[in-house]
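Listing of protein-v3.csv, CSV, C-alpha atoms
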chain,number,residue,atom,x,y,z
A,15,MET,CA,13.5,-39.8,-11.5
A,16,LEU,CA,14.0,-39.1,-7.8
A,17,SER,CA,14.9,-42.6,-6.9
A,18,LEU,CA,17.4,-42.7,-9.8
A,19,SER,CA,19.1,-39.5,-8.6
A,20,LEU,CA,19.0,-40.8,-5.0
A,21,THR,CA,20.9,-44.0,-6.1
A,22,LEU,CA,23.5,-41.8,-7.9
A,23,ALA,CA,23.8,-39.6,-4.8
A,24,PHE,CA,24.3,-42.6,-2.6
A,25,ALA,CA,27.1,-43.8,-4.9
A,26,LEU,CA,28.8,-40.3,-4.8
A,27,VAL,CA,28.6,-40.1,-1.0
A,28,ALA,CA,30.0,-43.6,-0.7
A,29,ALA,CA,32.9,-42.6,-2.9
A,30,ALA,CA,33.4,-39.6,-0.7
A,31,PHE,CA,33.6,-41.9,2.4
A,32,ALA,CA,36.2,-44.1,0.6
A,33,LEU,CA,38.3,-41.0,-0.2
A,34,SER,CA,38.2,-39.6,3.3
A,35,PHE,CA,39.0,-43.0,4.7
A,36,LEU,CA,42.0,-43.2,2.5
A,37,ARG,CA,43.3,-40.0,3.9
A,38,LEU,CA,42.6,-41.2,7.4
A,39,LEU,CA,44.8,-44.2,6.8
A,40,LYS,CA,47.5,-42.4,4.9
A,41,GLY,CA,47.9,-39.4,7.2
A,42,PRO,CA,50.8,-38.5,7.2
A,43,HIS,CA,50.4,-36.1,10.2
A,44,ALA,CA,48.0,-36.0,13.1
A,45,PRO,CA,46.1,-32.9,11.9
A,46,ASP,CA,45.5,-34.7,8.5
A,47,ARG,CA,43.8,-37.5,10.3
A,48,ILE,CA,41.7,-35.2,12.4
A,49,LEU,CA,40.6,-33.4,9.2
A,50,ALA,CA,39.7,-36.8,7.7
A,51,LEU,CA,37.6,-37.6,10.7
A,52,ASP,CA,35.9,-34.2,10.5
A,53,THR,CA,35.1,-34.9,6.8
A,54,LEU,CA,33.8,-38.4,7.7
A,55,TYR,CA,31.3,-37.1,10.2
A,56,ILE,CA,30.0,-34.5,7.7
A,57,ASN,CA,29.7,-37.3,5.1
A,58,ALA,CA,27.8,-39.3,7.6
A,59,ILE,CA,25.3,-36.4,8.0
A,60,ALA,CA,24.9,-36.4,4.2
A,61,LEU,CA,24.3,-40.1,4.1
A,62,LEU,CA,21.7,-40.0,6.9
A,63,VAL,CA,19.8,-37.2,5.2
A,64,LEU,CA,19.8,-39.1,1.9
A,65,LEU,CA,18.6,-42.2,3.7
A,66,GLY,CA,15.8,-40.1,5.4
A,67,ILE,CA,14.6,-39.0,1.9
A,68,HIS,CA,14.9,-42.5,0.5
A,69,LEU,CA,12.9,-44.2,3.3
A,70,ALA,CA,10.6,-41.1,3.6
A,71,SER,CA,11.1,-41.1,7.4
A,72,PRO,CA,11.9,-37.8,9.3
A,73,LEU,CA,13.4,-39.8,12.1
A,74,TYR,CA,16.9,-39.8,10.6
A,75,PHE,CA,17.1,-36.0,10.9
A,76,GLU,CA,17.4,-36.3,14.7
A,77,ALA,CA,20.4,-38.6,14.3
A,78,ALA,CA,22.0,-36.2,11.8
A,79,LEU,CA,21.6,-33.3,14.3
A,80,LEU,CA,23.2,-35.4,17.0
A,81,ILE,CA,26.1,-36.3,14.8
A,82,ALA,CA,26.6,-32.7,13.8
A,83,LEU,CA,26.8,-31.6,17.5
A,84,MET,CA,29.0,-34.5,18.7
A,85,GLY,CA,31.3,-34.4,15.7
A,86,PHE,CA,32.1,-30.7,16.2
A,87,VAL,CA,32.8,-31.2,19.9
A,88,GLY,CA,35.1,-34.1,19.0
A,89,THR,CA,37.1,-32.1,16.4
A,90,VAL,CA,37.5,-29.2,18.8
A,91,ALA,CA,38.7,-31.5,21.6
A,92,LEU,CA,41.3,-33.2,19.3
A,93,CYS,CA,42.5,-29.8,18.0
A,94,LYS,CA,42.8,-28.5,21.5
A,95,PHE,CA,44.9,-31.5,22.5
A,96,LEU,CA,47.2,-30.9,19.6
A,97,LEU,CA,47.5,-27.2,20.5
A,98,ARG,CA,48.2,-27.7,24.2
A,99,GLY,CA,49.4,-31.3,24.5
A,100,ASP,CA,53.0,-30.7,23.7
A,101,ILE,CA,53.5,-27.4,25.4
A,102,ILE,CA,55.5,-27.8,28.7
A,103,GLU,CA,53.6,-25.5,31.0
B,21,MET,CA,15.8,-3.9,33.4
B,22,ARG,CA,19.5,-4.5,32.6
B,23,ASN,CA,19.5,-7.5,34.8
B,24,TRP,CA,16.1,-9.0,33.8
B,25,LEU,CA,16.6,-8.9,30.0
B,26,PRO,CA,20.4,-8.9,29.5
B,27,HIS,CA,20.4,-9.8,25.8
B,28,PRO,CA,17.3,-8.6,24.0
B,29,LEU,CA,18.5,-10.1,20.7
B,30,LEU,CA,19.2,-13.5,22.1
B,31,THR,CA,15.7,-14.1,23.4
B,32,PRO,CA,13.9,-14.2,20.0
B,33,ILE,CA,16.8,-16.1,18.4
B,34,LEU,CA,16.6,-18.8,21.1
B,35,ALA,CA,12.8,-18.9,20.8
B,36,ILE,CA,13.1,-19.4,17.0
B,37,ILE,CA,15.7,-22.2,17.5
B,38,TRP,CA,13.3,-23.9,19.9
B,39,LEU,CA,10.4,-23.7,17.4
B,40,LEU,CA,12.7,-25.1,14.6
B,41,LEU,CA,13.9,-27.9,16.8
B,42,ASN,CA,10.3,-28.9,17.6
B,43,ASN,CA,9.2,-28.2,14.0
B,44,SER,CA,5.9,-26.6,15.2
B,45,VAL,CA,4.4,-23.2,15.9
B,46,ALA,CA,1.8,-24.4,18.4
B,47,PRO,CA,1.0,-21.6,20.9
B,48,GLY,CA,2.3,-23.7,23.8
B,49,GLN,CA,5.7,-24.2,22.1
B,50,VAL,CA,5.9,-20.4,21.4
B,51,VAL,CA,5.4,-19.7,25.1
B,52,LEU,CA,7.9,-22.3,26.1
B,53,GLY,CA,10.4,-21.0,23.6
B,54,LEU,CA,10.1,-17.4,24.8
B,55,LEU,CA,10.4,-18.6,28.4
B,56,LEU,CA,13.6,-20.5,27.6
B,57,GLY,CA,14.8,-17.6,25.5
B,58,TRP,CA,14.4,-15.4,28.6
B,59,ALA,CA,15.7,-17.9,31.2
B,60,ILE,CA,18.9,-19.1,29.4
B,61,PRO,CA,20.5,-15.6,28.9
B,62,ARG,CA,19.4,-14.6,32.4
B,63,PHE,CA,21.1,-17.6,34.1
B,64,THR,CA,24.2,-17.7,31.9
B,65,LEU,CA,24.9,-14.0,32.2
B,66,ALA,CA,28.3,-14.6,33.8
B,67,PHE,CA,29.6,-16.1,30.5
B,68,TRP,CA,28.8,-13.1,28.3
B,69,PRO,CA,28.6,-9.9,30.2
B,70,GLU,CA,28.9,-7.7,27.1
B,71,ARG,CA,25.7,-6.7,25.3
B,72,VAL,CA,25.7,-7.1,21.5
B,73,ARG,CA,24.6,-3.9,19.7
B,74,ILE,CA,23.7,-3.9,16.0
B,75,HIS,CA,23.9,-0.3,14.7
B,76,ALA,CA,22.9,-0.9,11.1
B,77,PRO,CA,20.3,-3.7,10.7
B,78,LEU,CA,19.9,-3.0,6.9
B,79,ALA,CA,23.7,-3.4,6.4
B,80,LEU,CA,23.4,-6.7,8.3
B,81,LEU,CA,20.8,-7.9,5.8
B,82,ARG,CA,22.8,-6.7,2.8
B,83,PHE,CA,25.9,-8.5,4.3
B,84,GLY,CA,23.9,-11.7,4.6
B,85,GLY,CA,22.9,-11.5,1.0
B,86,VAL,CA,26.5,-10.8,-0.2
B,87,PHE,CA,27.6,-13.7,2.1
B,88,LEU,CA,25.2,-16.3,0.6
B,89,PHE,CA,26.1,-15.2,-3.0
B,90,ASP,CA,29.8,-15.4,-2.2
B,91,VAL,CA,29.5,-18.9,-0.6
B,92,LEU,CA,28.0,-20.2,-3.9
B,93,VAL,CA,30.7,-18.5,-6.1
B,94,ALA,CA,33.5,-19.6,-3.8
B,95,ASN,CA,32.3,-23.2,-3.8
B,96,LEU,CA,32.1,-23.4,-7.6
B,97,SER,CA,35.6,-22.0,-7.9
B,98,VAL,CA,37.0,-24.3,-5.2
B,99,ALA,CA,35.3,-27.3,-6.9
B,100,ARG,CA,36.9,-26.2,-10.2
B,101,LEU,CA,40.3,-26.0,-8.5
B,102,ILE,CA,39.9,-29.4,-6.9
B,103,LEU,CA,39.0,-31.0,-10.2
B,104,SER,CA,41.8,-29.4,-12.1
B,105,GLY,CA,44.3,-31.0,-9.7
B,106,PRO,CA,47.1,-29.9,-7.3
B,107,ARG,CA,49.5,-28.7,-10.0
B,108,ALA,CA,47.3,-25.7,-10.9
B,109,LEU,CA,47.3,-24.4,-7.4
B,110,ARG,CA,49.2,-21.3,-6.2
B,111,PRO,CA,48.7,-21.5,-2.4
B,112,ALA,CA,49.9,-18.6,-0.2
B,113,PHE,CA,49.9,-17.3,3.3
B,114,VAL,CA,48.6,-13.8,3.5
B,115,VAL,CA,48.5,-11.4,6.5
B,116,VAL,CA,45.3,-9.3,6.6
B,117,PRO,CA,45.6,-6.3,8.9
B,118,LEU,CA,42.4,-5.7,11.0
B,119,ASP,CA,40.7,-2.5,11.8
B,120,LEU,CA,38.0,-4.2,13.9
B,121,ALA,CA,37.9,-3.7,17.6
B,122,ASN,CA,34.9,-5.8,18.5
B,123,GLU,CA,35.5,-9.5,19.3
B,124,LEU,CA,32.3,-10.6,17.8
B,125,ALA,CA,33.1,-8.7,14.6
B,126,ILE,CA,36.5,-10.4,14.3
B,127,SER,CA,35.0,-13.8,14.8
B,128,LEU,CA,32.4,-13.1,12.2
B,129,LEU,CA,35.0,-11.9,9.8
B,130,ALA,CA,37.2,-15.0,10.4
B,131,ASN,CA,34.1,-17.3,9.9
B,132,THR,CA,33.1,-15.4,6.7
B,133,ILE,CA,36.5,-15.6,5.0
B,134,CYS,CA,36.7,-19.3,5.9
B,135,LEU,CA,33.5,-20.0,3.9
B,136,THR,CA,34.0,-17.5,1.1
B,137,PRO,CA,36.8,-16.7,-1.3
B,138,GLY,CA,39.1,-19.7,-1.3
B,139,THR,CA,40.7,-18.8,2.0
B,140,VAL,CA,40.9,-20.3,5.5
B,141,SER,CA,41.8,-18.1,8.5
B,142,ALA,CA,44.7,-19.7,10.3
B,143,ARG,CA,45.9,-17.5,13.2
B,144,LEU,CA,44.9,-14.3,14.9
B,145,SER,CA,47.9,-12.4,16.2
B,146,ALA,CA,48.2,-11.9,19.9
B,147,ASP,CA,47.3,-8.2,19.8
B,148,ARG,CA,44.3,-8.9,17.6
B,149,ARG,CA,45.5,-6.5,14.9
B,150,ALA,CA,46.3,-9.1,12.1
B,151,LEU,CA,44.7,-12.3,10.8
B,152,LEU,CA,46.9,-14.9,9.1
B,153,VAL,CA,45.0,-16.3,6.1
B,154,HIS,CA,45.8,-19.3,3.9
B,155,ALA,CA,44.6,-18.9,0.3
B,156,LEU,CA,44.2,-21.8,-2.0
B,157,ASP,CA,44.9,-20.0,-5.3
B,158,CYS,CA,46.3,-16.5,-5.0
B,159,ASP,CA,48.6,-14.7,-7.5
B,160,ASP,CA,48.2,-11.2,-6.0
B,161,PRO,CA,48.2,-11.1,-2.2
B,162,ASP,CA,47.5,-7.3,-2.1
B,163,ALA,CA,44.4,-7.7,-4.3
B,164,LEU,CA,43.1,-10.4,-2.0
B,165,VAL,CA,43.6,-8.3,1.1
B,166,ALA,CA,41.9,-5.3,-0.6
B,167,THR,CA,38.9,-7.5,-1.5
B,168,ILE,CA,38.5,-8.9,2.0
B,169,LYS,CA,38.7,-5.5,3.5
B,170,ALA,CA,36.3,-3.9,1.1
B,171,ARG,CA,33.8,-6.7,0.8
B,172,PHE,CA,33.6,-8.1,4.3
B,173,GLU,CA,35.4,-5.9,6.8
B,174,ALA,CA,33.8,-2.6,5.9
B,175,PRO,CA,30.2,-3.8,6.3
B,176,LEU,CA,31.1,-5.5,9.6
B,177,LYS,CA,32.7,-2.2,10.8
B,178,GLU,CA,29.5,-0.4,9.9
B,179,ILE,CA,27.2,-3.0,11.6
B,180,PHE,CA,29.0,-3.1,14.9
B,181,ALA,CA,30.2,0.5,14.8
B,182,CYS,CA,33.7,-0.2,16.0
C,22,MET,CA,4.5,-34.7,-6.1
C,23,SER,CA,4.5,-32.6,-9.2
C,24,PRO,CA,7.2,-33.2,-11.9
C,25,ALA,CA,8.7,-29.7,-11.3
C,26,VAL,CA,9.2,-30.4,-7.6
C,27,GLU,CA,10.7,-33.8,-8.4
C,28,ALA,CA,13.1,-32.3,-10.9
C,29,LEU,CA,14.1,-29.6,-8.3
C,30,LEU,CA,14.6,-32.3,-5.7
C,31,SER,CA,16.7,-34.4,-8.0
C,32,PHE,CA,18.9,-31.5,-8.9
C,33,LEU,CA,19.4,-30.5,-5.3
C,34,VAL,CA,20.2,-34.1,-4.2
C,35,LEU,CA,22.7,-34.6,-7.1
C,36,ALA,CA,24.3,-31.2,-6.6
C,37,GLY,CA,24.7,-31.9,-2.8
C,38,ALA,CA,26.2,-35.3,-3.3
C,39,ALA,CA,28.5,-34.0,-6.0
C,40,PHE,CA,29.8,-31.2,-3.8
C,41,THR,CA,30.3,-33.7,-0.9
C,42,PHE,CA,32.3,-35.9,-3.2
C,43,ILE,CA,34.4,-33.0,-4.5
C,44,GLY,CA,35.2,-32.0,-1.0
C,45,SER,CA,36.5,-35.4,-0.1
C,46,LEU,CA,38.3,-35.6,-3.4
C,47,GLY,CA,40.2,-32.4,-2.5
C,48,LEU,CA,41.0,-34.0,0.9
C,49,ALA,CA,42.5,-37.1,-0.8
C,50,ARG,CA,44.2,-35.4,-3.7
C,51,PHE,CA,46.0,-32.3,-2.5
C,52,ARG,CA,49.6,-32.3,-1.4
C,53,ASP,CA,49.9,-30.4,1.8
C,54,PHE,CA,47.7,-30.1,4.9
C,55,TYR,CA,46.8,-26.5,4.4
C,56,THR,CA,45.4,-27.0,0.8
C,57,ARG,CA,43.6,-30.1,2.0
C,58,LEU,CA,41.7,-28.0,4.5
C,59,HIS,CA,39.8,-26.1,1.8
C,60,GLY,CA,37.9,-29.0,0.3
C,61,PRO,CA,36.0,-30.2,3.4
C,62,THR,CA,35.4,-26.8,4.9
C,63,LYS,CA,33.8,-25.3,1.7
C,64,ALA,CA,32.5,-27.9,-0.7
C,65,THR,CA,31.4,-30.4,1.8
C,66,THR,CA,29.5,-27.8,3.9
C,67,LEU,CA,27.6,-26.5,0.8
C,68,GLY,CA,27.0,-30.1,-0.3
C,69,VAL,CA,25.4,-31.0,3.0
C,70,GLY,CA,23.5,-27.7,2.9
C,71,CYS,CA,22.0,-28.6,-0.5
C,72,LEU,CA,21.0,-32.1,0.7
C,73,LEU,CA,19.3,-30.6,3.8
C,74,VAL,CA,17.4,-28.1,1.7
C,75,ALA,CA,16.2,-31.0,-0.5
C,76,SER,CA,15.1,-32.9,2.6
C,77,SER,CA,13.2,-29.8,3.9
C,78,ILE,CA,11.4,-29.5,0.6
C,79,TYR,CA,10.7,-33.2,0.4
C,80,PHE,CA,9.1,-33.5,3.9
C,81,SER,CA,7.2,-30.2,3.4
C,82,VAL,CA,5.6,-31.6,0.2
C,83,THR,CA,5.0,-35.1,1.3
C,84,GLY,CA,4.3,-34.6,5.0
C,85,GLU,CA,0.8,-34.9,6.4
C,86,GLY,CA,-1.4,-31.8,5.9
C,87,ASP,CA,0.4,-28.7,4.7
C,88,SER,CA,2.9,-28.5,7.6
C,89,LEU,CA,6.3,-27.1,6.6
C,90,SER,CA,9.4,-29.0,7.7
C,91,LEU,CA,11.9,-26.4,8.6
C,92,HIS,CA,14.0,-28.1,11.2
C,93,GLU,CA,16.7,-29.0,8.6
C,94,ILE,CA,17.6,-25.4,8.6
C,95,LEU,CA,19.0,-25.9,12.1
C,96,VAL,CA,21.6,-28.4,11.0
C,97,THR,CA,22.5,-26.2,8.0
C,98,LEU,CA,22.9,-23.2,10.3
C,99,PHE,CA,24.9,-25.3,12.8
C,100,LEU,CA,27.3,-26.6,10.1
C,101,PHE,CA,27.8,-23.1,8.6
C,102,ILE,CA,28.8,-21.8,12.1
C,103,THR,CA,31.0,-24.8,13.1
C,104,ALA,CA,32.8,-25.7,9.9
C,105,PRO,CA,34.9,-22.5,9.9
C,106,VAL,CA,35.6,-22.8,13.6
C,107,SER,CA,37.0,-26.4,13.2
C,108,ALA,CA,38.9,-25.3,10.0
C,109,HIS,CA,40.5,-22.4,12.0
C,110,LEU,CA,41.4,-24.7,14.9
C,111,LEU,CA,42.9,-27.3,12.5
C,112,ALA,CA,44.9,-24.6,10.7
C,113,LYS,CA,46.2,-23.3,14.0
C,114,ALA,CA,47.1,-26.9,15.1
C,115,GLY,CA,48.9,-27.4,11.8
C,116,LEU,CA,50.9,-24.2,12.2
C,117,HIS,CA,51.7,-25.1,15.8
C,118,ARG,CA,53.1,-28.4,14.7
C,119,ARG,CA,55.0,-26.7,11.8
C,120,LEU,CA,53.6,-29.0,9.2
C,121,PRO,CA,55.3,-28.7,5.8
C,122,SER,CA,53.4,-26.6,3.3
C,123,VAL,CA,53.7,-25.9,-0.5
C,124,ALA,CA,53.2,-22.2,0.2
C,125,PRO,CA,56.1,-20.4,1.9
C,126,PRO,CA,55.3,-20.7,5.6
C,127,PRO,CA,54.6,-17.5,7.5
C,128,ARG,CA,57.2,-16.1,9.9
C,129,ASP,CA,56.6,-16.5,13.6
C,130,ASP,CA,55.7,-13.6,15.7
Turn this file's structure into structure tokens for me.
Amino acid sequence: MLSLSLTLAFALVAAAFALSFLRLLKGPHAPDRILALDTLYINAIALLVLLGIHLASPLYFEAALLIALMGFVGTVALCKFLLRGDIIE
Amino acid sequence: MRNWLPHPLLTPILAIIWLLLNNSVAPGQVVLGLLLGWAIPRFTLAFWPERVRIHAPLALLRFGGVFLFDVLVANLSVARLILSGPRALRPAFVVVPLDLANELAISLLANTICLTPGTVSARLSADRRALLVHALDCDDPDALVATIKARFEAPLKEIFAC
Amino acid sequence: MSPAVEALLSFLVLAGAAFTFIGSLGLARFRDFYTRLHGPTKATTLGVGCLLVASSIYFSVTGEGDSLSLHEILVTLFLFITAPVSAHLLAKAGLHRRLPSVAPPPRDD
């Protein structure tokens, strides 16, 4: 039962990746693209956690933690650039 | 005393995070965690000179429970809105006047309303007296403001006594 | 693993993946930036939270000995703290750029 629901969950997360990627390509504005990137890294965490359960290996958790940390820093840096980049100081 | 243990709350929190990170409660890790929990606040004192005081620990627990319940409810309602499509939405910008004076309390309120009732906090006014909020589906802005103030702001005001 | 635990795990995994999917669906489907912001910040965060709880239960049950596996809580906690912060910053960036919105935009002050 667990392997079946894991397969279904993989399919759902893959679909989520596709939808976020669509938004990344379509835009239309820079904040939309940053939001899409933000969603993509959270989806990547979901995928890694699922893979960890599927392969019964606790190693993937460390990667998920690193992605969570780096993804947040990336989003904040991009937002800060948008907020301050076009102000003439 | 003031200089040697500047944040009494931060020490156990950092120690617990260290133990969770190592996924173990071995005595050596406990000692190392407590040591780090003491050393990190001590040597980063310049970044947060203000001491956090919690005046009502019970209210904090109750607030945590309300928060978790509301996260579930809000997620189900947002999921329903997403599935019913963009035409059913009534988005609105709403200004919530703030009575909180403490910076930590304001950030906690902004974080809470981001995660809970179909709203995202968008901008804090320069004088910190009003928070601009974007609601996904809102037909009565006054009712939304009243809910936020009664459900989240009042407990936070009690907890931090500001 | 007992059937009850397996059923619970299956439910958590499916619920988590469904919420993750719904969050991205909101991102792809809505019409303006500010409404798009809601899907990823709420649904996706809870979805990943569900998956991490499932992972925690799985490794606590199957791990060697009777050791609990609680470090997943750390990622959940971190996401619950950072998701609203990035949402707030993104909304602020959107307002700063004066992105078009379905709702009447707020006046400047």
Selection near A:Asp52, 12 Å with all atoms listed in the file, sequence-local residues under 6 positions removed, as number ranges by chain: A: 31, 34-35, 37-38, 45-46, 58-59, 81-93; C: 44-45, 48, 58, 60-62, 65-66, 100, 103-108, 110-111
May I have the residues of chain B within 10 Å of chain C, counting all atoms listed in the file, written as a short mmCIF file (atom, residue, chain, number, x, y, z; two decimals) with C-alpha atoms, in the frame of the given file?
data_model
loop_
_atom_site.label_atom_id
_atom_site.label_comp_id
_atom_site.auth_asym_id
_atom_site.auth_seq_id
_atom_site.Cartn_x
_atom_site.Cartn_y
_atom_site.Cartn_z
CA ILE B 37 15.70 -22.20 17.50
CA TRP B 38 13.30 -23.90 19.90
CA LEU B 39 10.40 -23.70 17.40
CA LEU B 40 12.70 -25.10 14.60
CA LEU B 41 13.90 -27.90 16.80
CA ASN B 42 10.30 -28.90 17.60
CA ASN B 43 9.20 -28.20 14.00
CA SER B 44 5.90 -26.60 15.20
CA VAL B 45 4.40 -23.20 15.90
CA VAL B 91 29.50 -18.90 -0.60
CA LEU B 92 28.00 -20.20 -3.90
CA ALA B 94 33.50 -19.60 -3.80
CA ASN B 95 32.30 -23.20 -3.80
CA LEU B 96 32.10 -23.40 -7.60
CA SER B 97 35.60 -22.00 -7.90
CA VAL B 98 37.00 -24.30 -5.20
CA ALA B 99 35.30 -27.30 -6.90
CA ARG B 100 36.90 -26.20 -10.20
CA LEU B 101 40.30 -26.00 -8.50
CA ILE B 102 39.90 -29.40 -6.90
CA LEU B 103 39.00 -31.00 -10.20
CA GLY B 105 44.30 -31.00 -9.70
CA PRO B 106 47.10 -29.90 -7.30
CA ARG B 107 49.50 -28.70 -10.00
CA LEU B 109 47.30 -24.40 -7.40
CA ARG B 110 49.20 -21.30 -6.20
CA PRO B 111 48.70 -21.50 -2.40
CA ALA B 112 49.90 -18.60 -0.20
CA PHE B 113 49.90 -17.30 3.30
CA VAL B 114 48.60 -13.80 3.50
CA VAL B 115 48.50 -11.40 6.50
CA SER B 127 35.00 -13.80 14.80
CA LEU B 128 32.40 -13.10 12.20
CA ALA B 130 37.20 -15.00 10.40
CA ASN B 131 34.10 -17.30 9.90
CA THR B 132 33.10 -15.40 6.70
CA ILE B 133 36.50 -15.60 5.00
CA CYS B 134 36.70 -19.30 5.90
CA LEU B 135 33.50 -20.00 3.90
CA THR B 136 34.00 -17.50 1.10
CA PRO B 137 36.80 -16.70 -1.30
CA GLY B 138 39.10 -19.70 -1.30
CA THR B 139 40.70 -18.80 2.00
CA VAL B 140 40.90 -20.30 5.50
CA SER B 141 41.80 -18.10 8.50
CA ALA B 142 44.70 -19.70 10.30
CA ARG B 143 45.90 -17.50 13.20
CA LEU B 144 44.90 -14.30 14.90
CA SER B 145 47.90 -12.40 16.20
CA ALA B 146 48.20 -11.90 19.90
CA LEU B 152 46.90 -14.90 9.10
CA VAL B 153 45.00 -16.30 6.10
CA HIS B 154 45.80 -19.30 3.90
CA ALA B 155 44.60 -18.90 0.30
CA LEU B 156 44.20 -21.80 -2.00
CA ASP B 157 44.90 -20.00 -5.30
#
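Distance-wise, atom CA of B:Thr31 and atom CA of B:Trp58 end up 5.5 Å apart.
For the atom pair formed by atom CA of B:Asp160 and atom CA of B:Asp147, the distance is 26.0 Å, given to one decimal.
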Taking all atoms listed in the file into account and nothing else, which residues of chain A lie no more than 12 Å away from chain B? Please answer as a PyMOL selection string. chain A and resi 72+75-76+79-80
For A:Ile67: contacts at 9 Å, all atoms listed in the file, fewer than 2 positions along chain excluded, given as a PyMOL selection string: (chain A and resi 20+62-65+69-72) or (chain C and resi 75-76+79-80)
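As for atom CA of B:Leu55 and atom CA of C:Phe99, they are spaced 22.3 Å apart.
Considering all atoms listed in the file, the residue among C:Cys71, C:Leu35, C:Ile78, C:Leu98 positioned nearest to chain A is C:Leu35.
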Using only C-alpha atoms, determine which residues of chain A fall within 6 Å of chain C; present them as a tab-separated table (two decimals) with C-alpha atoms, in the frame of the given file.
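Result went into iface-v4.tsv, see below:
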chain	number	residue	atom	x	y	z
A	16	LEU	CA	14.00	-39.10	-7.80
A	19	SER	CA	19.10	-39.50	-8.60
A	23	ALA	CA	23.80	-39.60	-4.80
A	26	LEU	CA	28.80	-40.30	-4.80
A	27	VAL	CA	28.60	-40.10	-1.00
A	30	ALA	CA	33.40	-39.60	-0.70
A	33	LEU	CA	38.30	-41.00	-0.20
A	34	SER	CA	38.20	-39.60	3.30
A	37	ARG	CA	43.30	-40.00	3.90
A	53	THR	CA	35.10	-34.90	6.80
A	60	ALA	CA	24.90	-36.40	4.20
A	79	LEU	CA	21.60	-33.30	14.30
A	97	LEU	CA	47.50	-27.20	20.50
Residues within 12 Å of B:Pro32, only C-alpha atoms, excluding chain neighbours under 5 positions, as JSON, numbers by chain: {"B": [25, 27, 37, 38, 39, 50, 51, 52, 53, 54, 55, 56, 57, 58, 59, 60, 61]}
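Residues having any atom no farther than 8 Å from (15.7, -46.6, -3.9) (counting only C-alpha atoms) are Ser17, Leu18, Leu20, Thr21 and His68 of chain A.
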Write out as a PyMOL selection string each polymer residue whose atoms come within 12 Å of stretch 169-181 of chain B, counting all atoms listed in the file; drop sequence neighbours fewer than 2 positions from it. chain B and resi 71-87+90+115-137+151+162-167
